[in-house]
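Report on the structure given below.
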Amino acid sequence: MKKHNFSAGPCILPQEVFQEASQAVLDFNNSGLSILEISHRSKDFVNVMEEARSLSLELLGLKDKGYQALFLQGGASMEFLMVAYNLLEKKAAYLNTGTWAAKALKEAKLFGEVDVIASSEDKGFNYIPKNYKVPTDADYFHCTSNNTIYGTQMKKFPTSSIPLVCDMSSDIFSRQLDFSKFDLIYAGAQKNMGPAGTTLVIIKDGLLGKVSRKIPSMLDYKQHLDKDSMFNTPSVFPVYVSMLTLRWLKALGGIEVIEKENQKKATLLYSEIDINPLFKGYTAQEDRSIMNATFNLTNDSLKEEFDKMCKEAGINGINGHRSVGGYRASMYNALPLESVEVLVDVMSDLERKA
Ligand SMILES: *Cc1c(COP(=O)(O)O)cnc(C)c1O
């Protein structure tokens with residue numbers, strides 16, 4: 001039976017990418033060797049790394065704009081500490097919009113003073129704080145563009161004189177933004193770009209070199225930049241699959257095109273959540289994420305029936321995060337509109353039956 005994969009991450013990737021990647025496991029570029037056994041220093045793989053780095057910048061509109069891209073390891077969680085290690089001299093400002101933001105600022109506290117300038121913890125992180133002021137005397141401001149667990153998304157970013165750092169793990173390449181506003185962007189691949197095992201980090205020229213502490217090589221962005229993202233053995237296969245996904249996105253027409261699709265999917269699902277009396281959304285309407293939609297049943301006694309109907313329809317991965325409960329439908333770039341239609345049909349069928 002066809003599966004509809006709403007998993008929050010690792011998540012659905014394009015079928016074409018799965019096919020090409022599986023072919024490369026058997027025979028990469030007609031070399032007679034598997035992508036899993038070639039040297040990361042081979043020309044074939046260096047080309048992959050360079051294409052992945054270049055496509056990332058190109059798709060974000062940052063090519064030749066004074067930015068460089070790295071594919072590192074350790075997940076977005078490693079960036080929580082690397083950002084602070086490399087940028088925090090005295091004080092940093094953080095926006096606390098949920099679990100991931102809180103984990104990021106917890107790591108930063110190991111390196112200096114952390115000013116949490118606004119938080120939505122008072123309401124279970126179901127909205128994005130607004131009207132906060134970014135201090136001008138901090139080393140950087142850190143925010144999370146999309147809160148994967150709660151289903152909120154920042155629609156606006158502050159303009160400020162200090163560097164802007166953003167965890168875009170769960171909505172990178174999904175919508176158009178003025179990415180040149182940001183000084184450092186990072187994203188674990190497994191939410192919208194590729195398989196687990198690599199993290200994209202985009203760094204603006206001139207950002208580094210301002211902290212006085214010594215930085216261990218593996219945690220030093222500069223070392224990775226100097227070595228063209230090949231300081232040590234990179235995660236060859238995840239980088240390759242990310243590159244294929246970025247190629248797929250470029251061939252589709254890039255972020256501009258995928259954003260329209262993502263909007264369509266989100267509008268369809270949120271309309272059903274709003275119109276169907278058996279469901280209610282978790283987040284403030286104006287902050288709803290187009291990637292992760294969180295919702296609950298208004299009547300918990302229908303849970304068993306709804307779960308059964310979802311299962312029968314091939315719907316996978318819509319249980320809410322363990323800290324929030326309810327449901328979460330993640331609608332990343334590769335999820336077809338058809339999958340959302342199937343989910344919405346199940347939701348309206350439940351209403352008809354109940
Ligand atoms: C999943 C996620 C993370 C953690 O990513 P890892 O790669 O597991 O470390 C961090 N931030 C956001 C916004 C996420 O969605």
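Here, A, B, ... name the chains of the structure tokens in the order displayed, residue numbers run from 1 inside each chain, and ligands are numbered from 1 in the same displayed order.
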Which residues form the shell of 9 Å around ligand 1 when you count only C-alpha atoms and all ligand atoms, given as a ChimeraX atom specification? /A:8-10,73-80,98-101,103-104,144-149,167-171,186-191,196-199
Write down as an MDAnalysis selection string the residues belonging to stretch 86-268 of chain A that are assigned alpha helix (DSSP H) by DSSP computed on the backbone. chainID A and resid 86:87 99:108 221:226 236:252 255:268
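Shortest separation to A:Gly209 among A:Asp274, A:Asp122, A:Glu89, A:Asp183 occurs at residue A:Glu89, atoms counted being only C-alpha atoms.
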For A:Phe45, please output as JSON, numbers by chain all residues within 12 Å (counting only C-alpha atoms; exclusion window: fewer than 5 positions along the same chain). {"A": [24, 28, 29, 31, 33, 34, 35, 36, 37, 38, 39, 40, 50, 51, 52, 230, 233, 234, 235, 236, 237, 238, 239, 240, 241, 243]}
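Taking atom CA of A:Ser180 as the reference point, atom CA of A:Tyr67 is found at 8.9 Å.
Going from atom CA of A:Leu110 to atom CA of A:Met193 covers 29.9 Å.
With distances taken over only C-alpha atoms, A:Glu312 is the one residue among A:Asp349, A:Asp307, A:Asp287, A:Glu312 lying closest to A:Met1.
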Return as CSV the residues of stretch 28-105 of chain A lying at most 12 Å from stretch 205-208 of chain A, together with the closest atom-to-atom pair for each and the distance in Å to one decimal, counting only C-alpha atoms, with rows in chain order and ascending residue number.
```
residue,atom,partner,partner_atom,distance
A:Leu62,CA,A:Asp205,CA,11.6
A:Asp64,CA,A:Asp205,CA,10.9
A:Lys65,CA,A:Asp205,CA,9.1
A:Gly66,CA,A:Asp205,CA,5.5
A:Tyr67,CA,A:Asp205,CA,5.6
A:Gln68,CA,A:Asp205,CA,7.3
A:Ala69,CA,A:Asp205,CA,10.6
A:Met82,CA,A:Leu208,CA,11.7
A:Val83,CA,A:Leu208,CA,10.2
A:Ala84,CA,A:Leu208,CA,11.4
A:Tyr85,CA,A:Leu208,CA,10.7
A:Asn86,CA,A:Leu208,CA,6.9
A:Leu87,CA,A:Leu208,CA,6.9
A:Leu88,CA,A:Leu208,CA,10.4
A:Glu89,CA,A:Leu208,CA,11.4
```
Non-local contacts of A:Gly124 (12 Å; only C-alpha atoms; under 6 positions in same chain excluded) as a list in words: Asn96, Thr97, Gly98, Thr99, Asn147, Ile149, Tyr150, Gly151, Thr152, Tyr282, Thr283, Ala284, Ser323, Val324 and Gly325 of chain A
Do a neighbour search on A:Glu256 at 9 Å with only C-alpha atoms, toss out local chain neighbours closer than 2 positions, and write the hits as an mmCIF file with all heavy atoms, in the first residue's frame.
```cif
data_model
loop_
_atom_site.group_PDB
_atom_site.id
_atom_site.type_symbol
_atom_site.label_atom_id
_atom_site.label_comp_id
_atom_site.auth_asym_id
_atom_site.auth_seq_id
_atom_site.Cartn_x
_atom_site.Cartn_y
_atom_site.Cartn_z
ATOM 1 N N SER A 174 12.325 25.914 2.075
ATOM 2 C CA SER A 174 10.878 25.712 1.934
ATOM 3 C C SER A 174 10.141 26.985 1.587
ATOM 4 O O SER A 174 9.000 26.956 1.148
ATOM 5 C CB SER A 174 10.294 25.164 3.234
ATOM 6 O OG SER A 174 10.282 26.183 4.228
ATOM 7 N N ARG A 175 10.762 28.136 1.850
ATOM 8 C CA ARG A 175 10.079 29.407 1.595
ATOM 9 C C ARG A 175 11.129 30.473 1.305
ATOM 10 O O ARG A 175 12.273 30.381 1.737
ATOM 11 C CB ARG A 175 9.253 29.828 2.811
ATOM 12 C CG ARG A 175 10.104 29.991 4.051
ATOM 13 C CD ARG A 175 9.367 30.666 5.185
ATOM 14 N NE ARG A 175 10.130 30.569 6.416
ATOM 15 C CZ ARG A 175 9.893 31.307 7.496
ATOM 16 N NH1 ARG A 175 8.906 32.159 7.503
ATOM 17 N NH2 ARG A 175 10.641 31.162 8.580
ATOM 18 N N GLN A 176 10.684 31.488 0.609
ATOM 19 C CA GLN A 176 11.597 32.568 0.255
ATOM 20 C C GLN A 176 11.738 33.528 1.419
ATOM 21 O O GLN A 176 10.752 33.915 2.040
ATOM 22 C CB GLN A 176 11.069 33.311 -0.961
ATOM 23 C CG GLN A 176 11.243 32.522 -2.234
ATOM 24 C CD GLN A 176 10.905 33.353 -3.446
ATOM 25 O OE1 GLN A 176 9.789 33.795 -3.616
ATOM 26 N NE2 GLN A 176 11.892 33.558 -4.290
ATOM 27 N N GLY A 253 12.443 24.313 -10.048
ATOM 28 C CA GLY A 253 12.269 25.762 -10.153
ATOM 29 C C GLY A 253 12.696 26.498 -8.895
ATOM 30 O O GLY A 253 12.482 27.701 -8.774
ATOM 31 N N GLY A 254 13.228 25.737 -7.928
ATOM 32 C CA GLY A 254 13.777 26.380 -6.731
ATOM 33 C C GLY A 254 12.750 26.689 -5.658
ATOM 34 O O GLY A 254 11.612 26.206 -5.699
ATOM 35 N N ILE A 258 8.612 25.698 -4.927
ATOM 36 C CA ILE A 258 8.247 24.770 -3.848
ATOM 37 C C ILE A 258 7.445 25.494 -2.768
ATOM 38 O O ILE A 258 6.560 24.908 -2.144
ATOM 39 C CB ILE A 258 9.512 24.073 -3.259
ATOM 40 C CG1 ILE A 258 9.141 22.711 -2.644
ATOM 41 C CG2 ILE A 258 10.196 24.887 -2.194
ATOM 42 C CD1 ILE A 258 8.910 21.632 -3.597
ATOM 43 N N GLU A 259 7.709 26.782 -2.571
ATOM 44 C CA GLU A 259 6.961 27.522 -1.556
ATOM 45 C C GLU A 259 5.464 27.549 -1.892
ATOM 46 O O GLU A 259 4.620 27.399 -1.007
ATOM 47 C CB GLU A 259 7.486 28.959 -1.411
ATOM 48 C CG GLU A 259 6.721 29.733 -0.348
ATOM 49 C CD GLU A 259 7.258 31.138 -0.096
ATOM 50 O OE1 GLU A 259 8.021 31.657 -0.936
ATOM 51 O OE2 GLU A 259 6.908 31.710 0.956
ATOM 52 N N LYS A 260 5.150 27.702 -3.170
ATOM 53 C CA LYS A 260 3.732 27.712 -3.581
ATOM 54 C C LYS A 260 3.082 26.369 -3.264
ATOM 55 O O LYS A 260 1.955 26.307 -2.778
ATOM 56 C CB LYS A 260 3.609 28.024 -5.078
ATOM 57 C CG LYS A 260 3.995 29.454 -5.404
ATOM 58 C CD LYS A 260 3.421 29.888 -6.748
ATOM 59 C CE LYS A 260 3.879 31.304 -7.077
ATOM 60 N NZ LYS A 260 5.010 31.322 -8.034
#
```
